[in-house]
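Reproduced below: model05.csv, with CSV, C-alpha atoms and all ligand atoms.
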```csv
chain,number,residue,atom,x,y,z
G,295,MET,CA,128.1,109.8,105.7
G,296,LYS,CA,125.7,111.6,103.4
G,297,ALA,CA,121.9,111.9,103.8
G,298,LEU,CA,119.2,113.7,102.0
G,299,GLN,CA,117.3,115.9,104.3
G,300,LEU,CA,113.8,117.3,104.1
G,301,LYS,CA,114.0,120.7,105.7
G,302,GLU,CA,110.5,122.0,104.8
G,303,PHE,CA,107.5,120.7,103.0
G,304,GLY,CA,107.4,122.0,99.4
G,305,LYS,CA,108.7,121.5,95.9
G,306,PRO,CA,111.0,118.4,96.1
G,307,THR,CA,114.2,120.1,94.6
G,308,VAL,CA,113.9,123.1,96.9
G,309,ALA,CA,112.6,121.3,100.1
G,310,THR,CA,115.6,118.9,100.2
G,311,GLU,CA,119.3,119.3,100.8
G,312,LEU,CA,122.3,116.9,101.0
G,313,ILE,CA,123.9,116.9,104.5
G,314,GLU,CA,126.9,115.2,106.1
G,315,SER,CA,126.2,113.5,109.3
G,316,PRO,CA,128.1,111.1,111.6
G,317,ALA,CA,127.7,107.4,110.7
G,318,PRO,CA,125.1,105.9,113.1
G,319,GLU,CA,125.9,103.1,115.5
G,320,PRO,CA,123.5,100.1,116.0
G,321,GLY,CA,122.2,99.9,119.5
G,322,PRO,CA,121.1,96.7,121.3
G,323,GLY,CA,118.8,94.7,119.0
G,324,GLN,CA,119.6,96.8,116.0
G,325,LEU,CA,121.5,96.5,112.7
G,326,LEU,CA,123.4,99.0,110.7
G,327,VAL,CA,122.5,98.8,107.0
G,328,ALA,CA,124.5,100.3,104.1
G,329,MET,CA,122.0,101.3,101.5
G,330,GLU,CA,122.4,99.9,97.9
G,331,ALA,CA,119.3,101.1,96.1
G,332,SER,CA,116.1,103.0,97.0
G,333,PRO,CA,113.4,104.1,94.6
G,334,ILE,CA,111.6,107.4,94.4
G,335,ASN,CA,107.9,106.5,94.6
G,336,PRO,CA,105.0,108.9,94.0
G,337,SER,CA,104.2,108.7,97.7
G,338,ASP,CA,107.7,110.0,98.5
G,339,LEU,CA,107.1,113.1,96.3
G,340,LEU,CA,103.7,113.6,98.0
G,341,LEU,CA,105.3,113.3,101.4
G,342,ILE,CA,108.0,115.9,100.5
G,343,ARG,CA,105.2,118.2,99.4
G,344,GLY,CA,103.4,117.7,102.7
G,345,ARG,CA,100.4,116.2,100.9
G,346,TYR,CA,100.7,112.6,102.1
G,347,GLY,CA,98.7,110.7,104.8
G,348,HIS,CA,101.3,111.5,107.4
G,349,ARG,CA,103.8,114.2,107.9
G,350,PRO,CA,107.1,113.4,109.7
G,351,ALA,CA,108.6,115.8,112.2
G,352,LEU,CA,111.2,117.9,110.3
G,353,PRO,CA,114.0,117.7,109.5
G,354,ALA,CA,113.6,114.2,108.3
G,355,VAL,CA,115.3,111.9,105.8
G,356,PRO,CA,112.9,110.9,103.1
G,357,GLY,CA,112.7,107.6,101.3
G,358,THR,CA,110.5,104.8,102.3
G,359,GLU,CA,111.9,101.5,101.0
G,360,GLY,CA,115.1,100.1,99.6
G,361,VAL,CA,117.7,97.4,99.8
G,362,GLY,CA,121.1,97.3,101.5
G,363,ARG,CA,123.7,95.2,103.2
G,364,VAL,CA,124.0,94.6,106.9
G,365,VAL,CA,127.4,96.0,107.9
G,366,ALA,CA,127.2,95.8,111.7
G,367,ALA,CA,125.0,94.2,114.4
G,368,GLY,CA,124.3,95.6,117.8
G,369,HIS,CA,124.3,93.8,121.1
G,370,GLY,CA,122.0,90.8,121.2
G,371,VAL,CA,121.7,90.4,117.4
G,372,ASP,CA,123.0,87.3,115.6
G,373,PRO,CA,126.3,88.5,114.2
G,374,GLY,CA,125.7,86.1,111.3
G,375,ARG,CA,123.3,88.7,109.9
G,376,VAL,CA,126.3,90.9,108.9
G,377,GLY,CA,126.7,90.6,105.2
G,378,GLU,CA,123.0,89.8,104.6
G,379,ARG,CA,121.2,91.7,101.9
G,380,VAL,CA,118.0,93.1,103.5
G,381,ILE,CA,115.0,95.1,102.5
G,382,VAL,CA,113.8,97.9,104.7
G,383,PRO,CA,110.1,97.9,104.1
G,384,THR,CA,108.7,99.7,107.1
G,385,VAL,CA,107.8,103.0,105.4
G,386,ALA,CA,109.3,105.0,108.3
G,387,HIS,CA,113.1,104.8,108.1
G,388,GLY,CA,114.4,107.4,105.7
G,389,THR,CA,116.2,105.3,103.1
G,390,TRP,CA,117.8,108.1,101.2
G,391,GLN,CA,121.0,108.1,103.2
G,392,ASP,CA,124.3,106.1,103.0
G,393,GLN,CA,123.6,104.1,106.1
G,394,LEU,CA,120.7,103.6,108.5
G,395,VAL,CA,120.0,101.8,111.8
G,396,ILE,CA,117.0,99.5,111.9
G,397,ASP,CA,115.6,97.1,114.4
G,398,ASP,CA,116.8,93.5,113.8
G,399,GLY,CA,113.2,92.3,113.1
G,400,GLY,CA,112.5,95.1,110.6
G,401,ALA,CA,115.3,94.1,108.2
G,402,ILE,CA,114.0,91.2,106.1
G,403,ALA,CA,116.7,89.2,104.3
G,404,VAL,CA,116.4,88.7,100.5
G,405,ASP,CA,118.2,86.6,98.0
G,406,PRO,CA,121.6,88.3,97.4
G,407,ALA,CA,121.6,86.9,93.8
G,408,ALA,CA,118.4,88.7,92.9
G,409,ASP,CA,118.5,91.9,90.9
G,410,VAL,CA,119.4,94.7,93.3
G,411,LEU,CA,117.1,97.3,91.7
G,412,GLN,CA,114.1,95.0,91.6
G,413,SER,CA,114.8,93.9,95.2
G,414,ALA,CA,114.9,97.6,96.2
G,415,MET,CA,111.3,97.9,95.0
G,416,LEU,CA,110.0,94.8,96.8
G,417,GLY,CA,108.9,96.6,100.0
G,418,ILE,CA,105.9,98.7,98.8
G,419,ASN,CA,104.4,98.0,95.4
G,420,PRO,CA,104.4,94.2,95.0
G,421,ILE,CA,102.9,93.7,98.4
G,422,THR,CA,100.3,96.5,97.7
G,423,ALA,CA,99.3,94.6,94.5
G,424,ASP,CA,99.1,91.4,96.3
G,425,LEU,CA,97.0,92.8,99.2
G,426,LEU,CA,94.7,94.6,96.7
G,427,LEU,CA,94.0,91.3,95.0
G,428,ARG,CA,93.6,89.3,98.2
G,429,SER,CA,92.0,91.5,100.8
G,430,PHE,CA,88.7,92.8,99.4
G,431,VAL,CA,86.9,90.3,97.2
G,432,ASP,CA,86.9,86.5,96.9
G,433,LEU,CA,87.6,86.4,93.2
G,434,SER,CA,86.4,83.4,91.3
G,435,PRO,CA,88.6,81.9,88.6
G,436,GLY,CA,88.5,84.0,85.4
G,437,ALA,CA,86.9,87.0,87.2
G,438,TRP,CA,87.7,90.4,85.7
G,439,VAL,CA,89.9,92.7,87.7
G,440,ALA,CA,90.0,96.2,86.2
G,441,GLN,CA,92.5,98.9,87.1
G,442,THR,CA,93.5,102.4,86.2
G,443,GLY,CA,97.2,103.2,86.0
G,444,GLY,CA,97.8,99.9,84.3
G,445,ASN,CA,101.4,100.7,83.4
G,446,SER,CA,102.3,101.9,86.9
G,447,ALA,CA,104.6,99.6,88.9
G,448,VAL,CA,101.7,98.5,91.1
G,449,GLY,CA,99.6,98.0,87.9
G,450,ARG,CA,102.3,95.7,86.4
G,451,TYR,CA,102.5,93.6,89.6
G,452,VAL,CA,98.7,93.4,89.7
G,453,ILE,CA,98.8,92.0,86.1
G,454,ALA,CA,101.4,89.4,86.9
G,455,LEU,CA,99.9,88.3,90.2
G,456,ALA,CA,96.3,88.2,88.8
G,457,LYS,CA,97.6,86.1,85.9
G,458,GLN,CA,99.2,83.6,88.3
G,459,ALA,CA,96.0,83.4,90.3
G,460,GLY,CA,93.9,82.8,87.2
G,461,HIS,CA,92.0,86.2,87.1
G,462,ARG,CA,91.7,88.3,84.0
G,463,THR,CA,92.9,91.9,84.0
G,464,LEU,CA,91.6,94.9,82.2
G,465,SER,CA,94.0,97.8,82.5
G,466,VAL,CA,93.3,101.4,81.6
G,467,VAL,CA,96.4,103.5,80.5
G,468,ARG,CA,96.6,107.1,79.2
G,469,ARG,CA,99.3,106.4,76.6
G,470,PRO,CA,98.6,103.9,73.8
G,471,GLU,CA,102.3,103.2,73.4
G,472,VAL,CA,102.5,101.2,76.7
G,473,ALA,CA,99.7,98.8,75.7
G,474,ALA,CA,101.8,96.3,73.7
G,475,GLU,CA,104.3,95.6,76.5
G,476,LEU,CA,101.5,95.2,79.1
G,477,LEU,CA,99.7,92.7,76.8
G,478,GLU,CA,103.1,90.9,76.2
G,479,SER,CA,103.6,90.7,80.0
G,480,GLY,CA,100.2,88.9,80.5
G,481,ALA,CA,97.5,91.6,80.6
G,482,ASP,CA,94.3,90.3,79.2
G,483,ALA,CA,93.0,93.6,77.9
G,484,VAL,CA,94.4,97.2,77.8
G,485,VAL,CA,92.3,100.2,76.9
G,486,VAL,CA,93.3,103.8,76.6
G,487,SER,CA,91.4,106.5,78.5
G,488,GLY,CA,89.6,109.0,76.3
G,489,PRO,CA,86.2,109.8,74.8
G,490,ASP,CA,85.8,106.3,73.4
G,491,LEU,CA,86.5,104.5,76.7
G,492,ARG,CA,83.0,103.2,76.9
G,493,THR,CA,83.2,101.7,73.4
G,494,GLN,CA,86.5,100.0,74.2
G,495,LEU,CA,85.1,98.6,77.4
G,496,LYS,CA,82.1,97.3,75.6
G,497,GLN,CA,84.4,95.6,73.1
G,498,VAL,CA,86.4,93.9,75.8
G,499,LEU,CA,83.6,93.0,78.3
G,500,GLY,CA,80.6,92.5,76.1
G,501,ASP,CA,78.0,91.3,78.7
G,502,GLU,CA,80.6,90.4,81.3
G,503,ARG,CA,81.2,92.6,84.3
G,504,ILE,CA,84.1,93.6,86.6
G,505,SER,CA,84.4,92.0,90.1
G,506,LEU,CA,87.1,94.2,91.5
G,507,LEU,CA,88.2,97.7,90.4
G,508,LEU,CA,91.6,99.0,91.6
G,509,ASP,CA,92.2,102.7,91.3
G,510,PRO,CA,95.4,104.7,91.9
G,511,ILE,CA,94.4,107.6,89.5
G,512,ALA,CA,90.8,108.8,90.3
G,513,GLY,CA,88.8,111.1,88.0
G,514,GLU,CA,86.3,110.5,85.2
G,515,VAL,CA,87.8,107.2,84.1
G,516,VAL,CA,86.8,105.6,87.5
G,517,THR,CA,83.3,106.9,87.2
G,518,GLU,CA,83.1,105.1,83.8
G,519,LEU,CA,84.8,101.9,85.0
G,520,ALA,CA,82.6,101.7,88.1
G,521,SER,CA,79.5,101.6,85.9
G,522,TRP,CA,81.0,98.2,84.6
G,523,LEU,CA,81.2,96.7,88.1
G,524,ALA,CA,79.1,93.6,88.7
G,525,HIS,CA,76.2,93.7,91.2
G,526,GLY,CA,78.0,93.8,94.6
G,527,GLY,CA,81.3,94.7,93.0
G,528,THR,CA,84.0,96.6,94.8
G,529,LEU,CA,86.1,99.7,94.0
G,530,VAL,CA,89.3,100.1,95.9
G,531,SER,CA,90.9,103.6,95.8
G,532,TYR,CA,94.6,103.5,96.7
G,533,GLY,CA,96.1,106.6,95.0
G,534,GLY,CA,95.1,109.9,93.5
G,535,MET,CA,97.6,110.5,90.7
G,536,SER,CA,95.2,112.8,88.7
G,537,GLY,CA,94.5,115.0,91.7
G,538,THR,CA,90.8,114.7,91.1
G,539,PRO,CA,88.0,113.1,93.2
G,540,VAL,CA,86.7,109.6,92.8
G,541,THR,CA,83.1,109.9,91.7
G,542,VAL,CA,80.6,107.1,91.5
G,543,SER,CA,77.1,107.5,90.2
G,544,PRO,CA,74.4,107.1,92.8
G,545,ASN,CA,72.6,104.8,90.4
G,546,ASP,CA,75.6,102.5,90.3
G,547,LEU,CA,76.0,102.6,94.1
G,548,ILE,CA,72.3,102.0,94.8
G,549,PHE,CA,71.0,99.7,92.1
G,550,ARG,CA,74.1,97.5,92.0
G,551,ASP,CA,75.0,97.8,95.7
G,552,LEU,CA,78.6,98.7,95.0
G,553,THR,CA,81.2,98.9,97.8
G,554,VAL,CA,83.9,101.6,97.8
G,555,ARG,CA,87.0,101.0,99.9
G,556,GLY,CA,90.3,102.6,100.5
G,557,PHE,CA,93.7,100.9,101.0
G,558,TRP,CA,96.9,102.2,102.7
G,559,LEU,CA,99.9,100.0,103.0
G,560,LYS,CA,101.2,101.9,105.9
G,561,HIS,CA,98.1,101.1,107.9
G,562,TRP,CA,98.5,97.4,107.0
G,563,LEU,CA,102.2,97.4,108.1
G,564,ASP,CA,101.3,99.3,111.3
G,565,THR,CA,98.5,96.9,112.3
G,566,THR,CA,99.7,93.5,111.0
G,567,PRO,CA,101.6,91.0,113.2
G,568,HIS,CA,105.3,91.0,112.3
G,569,ASP,CA,105.3,87.3,111.4
G,570,ALA,CA,102.5,87.8,108.9
G,571,ILE,CA,104.4,90.7,107.3
G,572,VAL,CA,107.6,88.6,107.0
G,573,SER,CA,105.7,85.7,105.5
G,574,ALA,CA,104.0,88.0,103.0
G,575,TYR,CA,107.4,89.2,101.8
G,576,ALA,CA,108.8,85.7,101.9
G,577,ARG,CA,106.0,84.7,99.4
G,578,LEU,CA,106.7,87.6,97.0
G,579,ALA,CA,110.6,87.8,97.2
G,580,PRO,CA,111.1,84.7,95.1
G,581,LEU,CA,108.8,86.1,92.4
G,582,VAL,CA,111.0,89.2,92.3
G,583,ALA,CA,114.1,87.1,92.3
G,584,ASP,CA,113.0,85.0,89.3
G,585,GLY,CA,111.8,88.0,87.4
G,586,SER,CA,108.0,87.1,87.5
G,587,LEU,CA,107.5,90.4,89.3
G,588,ARG,CA,109.4,93.3,87.8
G,589,ALA,CA,109.0,97.0,87.2
G,590,PRO,CA,110.9,98.9,84.5
G,591,VAL,CA,113.7,101.2,85.6
G,592,ALA,CA,114.1,104.5,83.9
G,593,ALA,CA,117.3,105.6,85.5
G,594,THR,CA,119.5,105.5,88.6
G,595,TYR,CA,121.3,108.4,90.3
G,596,PRO,CA,123.8,108.7,93.1
G,597,LEU,CA,122.5,110.6,96.1
G,598,GLU,CA,124.7,113.6,95.2
G,599,GLU,CA,122.6,114.1,92.0
G,600,PHE,CA,119.3,114.2,94.1
G,601,GLN,CA,118.0,117.3,92.3
G,602,ASP,CA,118.2,115.6,88.8
G,603,ALA,CA,116.8,112.4,90.3
G,604,LEU,CA,113.8,114.2,92.0
G,605,LEU,CA,113.1,116.2,88.8
G,606,HIS,CA,113.3,113.0,86.7
G,607,ALA,CA,110.9,111.1,89.0
G,608,SER,CA,108.4,114.0,88.9
G,609,GLN,CA,108.1,113.9,85.1
G,610,PRO,CA,104.9,112.4,83.7
G,611,GLY,CA,105.1,109.7,81.0
G,612,GLY,CA,108.3,108.3,82.3
G,613,ALA,CA,109.9,105.0,81.2
G,614,GLY,CA,109.8,103.5,84.7
G,615,LYS,CA,111.2,104.0,88.2
G,616,VAL,CA,113.9,106.3,89.2
G,617,LEU,CA,116.2,105.0,91.9
G,618,PHE,CA,119.0,106.2,94.1
G,619,THR,CA,122.0,103.8,94.0
G,620,TRP,CA,125.1,103.6,96.1
G,701,LIG,P1,104.5,104.7,89.1
G,701,LIG,O1,105.4,105.8,89.4
G,701,LIG,O2,105.1,103.4,88.7
G,701,LIG,O3,103.5,105.1,87.9
G,701,LIG,C1,102.7,106.2,88.0
G,701,LIG,C2,101.4,106.0,87.2
G,701,LIG,O4,100.5,107.1,87.4
G,701,LIG,C3,101.7,105.9,85.7
G,701,LIG,O5,100.8,104.9,85.2
G,701,LIG,C4,101.3,107.2,85.2
G,701,LIG,O6,101.0,107.3,83.8
G,701,LIG,C5,100.1,107.5,86.1
G,701,LIG,N1,99.9,109.0,86.2
G,701,LIG,C6,100.6,109.9,86.7
G,701,LIG,N2,100.0,111.1,86.7
G,701,LIG,C7,98.8,110.9,86.1
G,701,LIG,C8,97.7,111.7,85.8
G,701,LIG,N3,97.7,113.1,86.1
G,701,LIG,N4,96.6,111.2,85.2
G,701,LIG,C9,96.6,109.9,84.9
G,701,LIG,N5,97.6,109.0,85.2
G,701,LIG,C10,98.7,109.5,85.8
G,701,LIG,O7,103.6,104.5,90.3
G,701,LIG,P2,103.5,103.4,91.5
G,701,LIG,O8,103.1,102.1,90.9
G,701,LIG,O9,104.7,103.5,92.3
G,701,LIG,O10,102.3,104.0,92.3
G,701,LIG,C11,101.0,104.1,91.7
G,701,LIG,C12,100.0,104.7,92.6
G,701,LIG,O11,99.8,103.8,93.7
G,701,LIG,C13,100.5,106.0,93.3
G,701,LIG,O12,99.4,106.9,93.4
G,701,LIG,C14,101.0,105.6,94.6
G,701,LIG,O13,100.9,106.6,95.6
G,701,LIG,C15,99.9,104.5,94.9
G,701,LIG,N6,100.3,103.5,95.9
G,701,LIG,C16,99.5,103.5,97.0
G,701,LIG,C17,99.8,102.7,98.0
G,701,LIG,C18,98.9,102.7,99.2
G,701,LIG,O14,99.3,102.1,100.2
G,701,LIG,N7,97.7,103.3,99.1
G,701,LIG,C19,101.0,101.8,98.0
G,701,LIG,C20,101.7,101.8,96.8
G,701,LIG,C21,101.4,102.7,95.8
G,701,LIG,P3,102.1,107.6,82.7
G,701,LIG,O15,103.0,106.5,82.7
G,701,LIG,O16,101.2,107.7,81.5
G,701,LIG,O17,102.7,108.9,83.1
```
As structure tokens, the full file:
Amino acid sequence: MKALQLKEFGKPTVATELIESPAPEPGPGQLLVAMEASPINPSDLLLIRGRYGHRPALPAVPGTEGVGRVVAAGHGVDPGRVGERVIVPTVAHGTWQDQLVIDDGGAIAVDPAADVLQSAMLGINPITADLLLRSFVDLSPGAWVAQTGGNSAVGRYVIALAKQAGHRTLSVVRRPEVAAELLESGADAVVVSGPDLRTQLKQVLGDERISLLLDPIAGEVVTELASWLAHGGTLVSYGGMSGTPVTVSPNDLIFRDLTVRGFWLKHWLDTTPHDAIVSAYARLAPLVADGSLRAPVAATYPLEEFQDALLHASQPGGAGKVLFTW
């Protein structure tokens, strides 16, 4: 079988190579999963570059989520699982390979009728959006949730989940052309980063203030948005796409007693009881299956075209996710 291998940390197209390896066998309590689709997320590119929160021992197979079919069950596993479509959401398995072995409990069954590409993206971003909205602040009905990276996959899931929960979203994007589709999908307000950001925020918020600010981008835009947080409001940093620091004015921190937090899904997955993880996915999976939660797809590539795929996924201003498909 084929697998993409990370041989050294560095530029994605140089640091990886396609290798042939023997098909793995499921051991006791394990399943063999034939991959069907797996996205290339920003965190995968950071991990390949050696700039993520953890570094796997090399060589390693990258890829942190995806969907596949169970093709064999090891000793002690219900043979009825063979044929199930499962997600592999444990952020540790190396999903960019034809087949992988996973513990029985780690493979979560999903609706086989659901869109396979959308299911492949269920493992990381929808649950991140859900946890960001639920874990930090008790939001009252109609509360403003503001976010940077409004057109990112996480940003789109935040918009959809906040709408369902009755919160309003104010999303900052850096390209005006994405505003219309976000508004159509349920965003309450979309503003474009730039010198007139404050004026745009004033137009949207008037005398109202933000309860929760979610940030995957960092930089000056966050400094501005933080100044619109309500007294006691919370900023959650969960990504650093711009490569710049998060800066909050001391006046905002002191006089409005702001809270600044961080969120890392890997930590949540590592520290949350298995049943709670399964039930969180069980809550979100139907929303992916019925199309309430979806992220645009820019392109799919076979594993053999990994260089084109990695290059495509690294481009700014893309039309959506790039995925490997089998
Ligand atoms: P997507 O690939 O779907 O979108 C990337 C977003 O980042 C786009 O909105 C893009 O804007 C924007 N962007 C890229 N570069 C820059 C830049 N230099 N300045 C400003 N904006 C930029 O991303 P995901 O939804 O998959 O992930 C979004 C972020 O969330 C990532 O940082 C990811 O690592 C993080 N994340 C963190 C998790 C955690 O546990 N902490 C879990 C899941 C995601 P444009 O379209 O204009 O290029």
Hey, what's within 7 Å of G:Arg363 if we count all atoms listed in the file and toss same-chain stuff fewer than 3 positions away? As a PyMOL selection string, please?
chain G and resi 327-329+377-380
Which residue, G:Leu519, G:Leu559, G:Val371, G:Ala607, has the smallest gap to G:Asn419 when you use only C-alpha atoms?
G:Leu559
Residues within 7 Å of ligand LIG 701 (chain G), counting only C-alpha atoms and all ligand atoms, as a count of residues only
33
Neighbouring residues of G:Lys457 were defined as those with any atom within 9 Å, considering all atoms listed in the file; residues of the same chain fewer than 4 positions away were excluded. Please report them as a ChimeraX atom specification.
/G:452-453,461-463,480-482
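In this model, the gap between atom CA of G:Val439 and atom CA of G:Leu523 comes to 9.6 Å.
Near G:Asp432, within a cut-off of 12 Å and counting only C-alpha atoms, sit the residues Leu426, Leu427, Arg428, Ser429, Phe430, Ser434, Pro435, Gly436, Ala437, Trp438, Val439, Ala459, His461, Ser505, Leu506, Gly526, Gly527 and Thr528 of chain G, with same-chain residues fewer than 2 positions away left out.
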Just C-alpha atoms for this one: save the residues we selected as a PDB file, in the coordinates of the input.
```pdb
ATOM      1  CA  LEU G 426      94.700  94.600  96.700  1.00  0.00           C
ATOM      2  CA  LEU G 427      94.000  91.300  95.000  1.00  0.00           C
ATOM      3  CA  ARG G 428      93.600  89.300  98.200  1.00  0.00           C
ATOM      4  CA  SER G 429      92.000  91.500 100.800  1.00  0.00           C
ATOM      5  CA  PHE G 430      88.700  92.800  99.400  1.00  0.00           C
ATOM      6  CA  SER G 434      86.400  83.400  91.300  1.00  0.00           C
ATOM      7  CA  PRO G 435      88.600  81.900  88.600  1.00  0.00           C
ATOM      8  CA  GLY G 436      88.500  84.000  85.400  1.00  0.00           C
ATOM      9  CA  ALA G 437      86.900  87.000  87.200  1.00  0.00           C
ATOM     10  CA  TRP G 438      87.700  90.400  85.700  1.00  0.00           C
ATOM     11  CA  VAL G 439      89.900  92.700  87.700  1.00  0.00           C
ATOM     12  CA  ALA G 459      96.000  83.400  90.300  1.00  0.00           C
ATOM     13  CA  HIS G 461      92.000  86.200  87.100  1.00  0.00           C
ATOM     14  CA  SER G 505      84.400  92.000  90.100  1.00  0.00           C
ATOM     15  CA  LEU G 506      87.100  94.200  91.500  1.00  0.00           C
ATOM     16  CA  GLY G 526      78.000  93.800  94.600  1.00  0.00           C
ATOM     17  CA  GLY G 527      81.300  94.700  93.000  1.00  0.00           C
ATOM     18  CA  THR G 528      84.000  96.600  94.800  1.00  0.00           C
TER      19      THR G 528
END
```
If we draw a sphere of 9 Å around (115.2, 113.0, 107.1), which residues have at least one atom in it when counting all atoms listed in the file? Please report them as a PyMOL selection string.
chain G and resi 297-301+350-357+387-391
Selection: 10 Å around G:Asp409, all atoms listed in the file, excl. self and same-chain fewer than 6 positions, as a PDB file with C-alpha atoms, keeping the file's coordinate frame:
```
ATOM      1  CA  VAL G 582     111.000  89.200  92.300  1.00  0.00           C
ATOM      2  CA  ALA G 583     114.100  87.100  92.300  1.00  0.00           C
ATOM      3  CA  ASP G 584     113.000  85.000  89.300  1.00  0.00           C
ATOM      4  CA  GLY G 585     111.800  88.000  87.400  1.00  0.00           C
ATOM      5  CA  ARG G 588     109.400  93.300  87.800  1.00  0.00           C
TER       6      ARG G 588
END
```
Nearest to G:Leu416, chosen from G:Val361, G:Val498, G:Ala440, G:Val591, with only C-alpha atoms counted in the distances
G:Val361
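If only C-alpha atoms are the atoms counted, then among G:Leu464, G:Ala592, G:Ala579, G:Val484 the closest residue to G:Pro406 is G:Ala579.
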One decimal, in Å: what's the spacing between atom CA of G:Lys296 and atom CA of G:Asp392?
5.7 Å
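Computed from the coordinates, the atom CA of G:Arg375 to atom CA of G:Ala423 distance equals 29.1 Å.
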Which residues are close to G:Pro596, i.e. within 9 Å by all atoms listed in the file, leaving aside same-chain residues fewer than 5 positions away? Reply as a short mmCIF file (atom, residue, chain, number, x, y, z; two decimals) with C-alpha atoms, in the coordinates of the input.
```cif
data_model
loop_
_atom_site.label_atom_id
_atom_site.label_comp_id
_atom_site.auth_asym_id
_atom_site.auth_seq_id
_atom_site.Cartn_x
_atom_site.Cartn_y
_atom_site.Cartn_z
CA ALA G 603 116.80 112.40 90.30
CA LEU G 617 116.20 105.00 91.90
CA PHE G 618 119.00 106.20 94.10
CA THR G 619 122.00 103.80 94.00
CA TRP G 620 125.10 103.60 96.10
#
```
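Between G:His561 and the candidates G:Gly347, G:Gly417, G:Pro489, G:Pro333, the tightest atom-to-atom separation, counting only C-alpha atoms, involves G:Gly347.
Ranking G:Ala576, G:Val516, G:Leu455, G:Val616 by their shortest atom-to-atom distance to G:Leu604, with all atoms listed in the file included, puts G:Val616 first.
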Is it possible to add all heavy atoms to stretch 374-378 of chain G and hand it back as an mmCIF file, in the coordinates of the input?
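Dumped to selection_37.cif:
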```
data_model
loop_
_atom_site.group_PDB
_atom_site.id
_atom_site.type_symbol
_atom_site.label_atom_id
_atom_site.label_comp_id
_atom_site.auth_asym_id
_atom_site.auth_seq_id
_atom_site.Cartn_x
_atom_site.Cartn_y
_atom_site.Cartn_z
ATOM 1 N N GLY G 374 125.773 86.695 112.647
ATOM 2 C CA GLY G 374 125.700 86.100 111.300
ATOM 3 C C GLY G 374 124.864 86.911 110.344
ATOM 4 O O GLY G 374 124.893 86.684 109.134
ATOM 5 N N ARG G 375 124.138 87.892 110.859
ATOM 6 C CA ARG G 375 123.300 88.700 109.900
ATOM 7 C C ARG G 375 124.220 89.709 109.159
ATOM 8 O O ARG G 375 123.788 90.232 108.132
ATOM 9 C CB ARG G 375 122.265 89.509 110.722
ATOM 10 C CG ARG G 375 121.187 88.603 111.312
ATOM 11 C CD ARG G 375 119.849 89.304 111.383
ATOM 12 N NE ARG G 375 119.269 89.542 110.070
ATOM 13 C CZ ARG G 375 118.102 90.134 109.860
ATOM 14 N NH1 ARG G 375 117.400 90.548 110.877
ATOM 15 N NH2 ARG G 375 117.631 90.332 108.632
ATOM 16 N N VAL G 376 125.416 89.961 109.668
ATOM 17 C CA VAL G 376 126.300 90.900 108.900
ATOM 18 C C VAL G 376 126.616 90.278 107.579
ATOM 19 O O VAL G 376 126.966 89.102 107.472
ATOM 20 C CB VAL G 376 127.609 91.144 109.754
ATOM 21 C CG1 VAL G 376 128.583 91.992 108.938
ATOM 22 C CG2 VAL G 376 127.277 91.839 111.066
ATOM 23 N N GLY G 377 126.440 91.062 106.542
ATOM 24 C CA GLY G 377 126.700 90.600 105.200
ATOM 25 C C GLY G 377 125.358 90.234 104.464
ATOM 26 O O GLY G 377 125.318 90.134 103.236
ATOM 27 N N GLU G 378 124.258 90.071 105.225
ATOM 28 C CA GLU G 378 123.000 89.800 104.600
ATOM 29 C C GLU G 378 122.521 90.954 103.711
ATOM 30 O O GLU G 378 122.765 92.106 104.064
ATOM 31 C CB GLU G 378 121.862 89.577 105.633
ATOM 32 C CG GLU G 378 121.760 88.199 106.199
ATOM 33 C CD GLU G 378 120.585 88.073 107.187
ATOM 34 O OE1 GLU G 378 119.808 89.043 107.361
ATOM 35 O OE2 GLU G 378 120.463 86.999 107.783
#
```
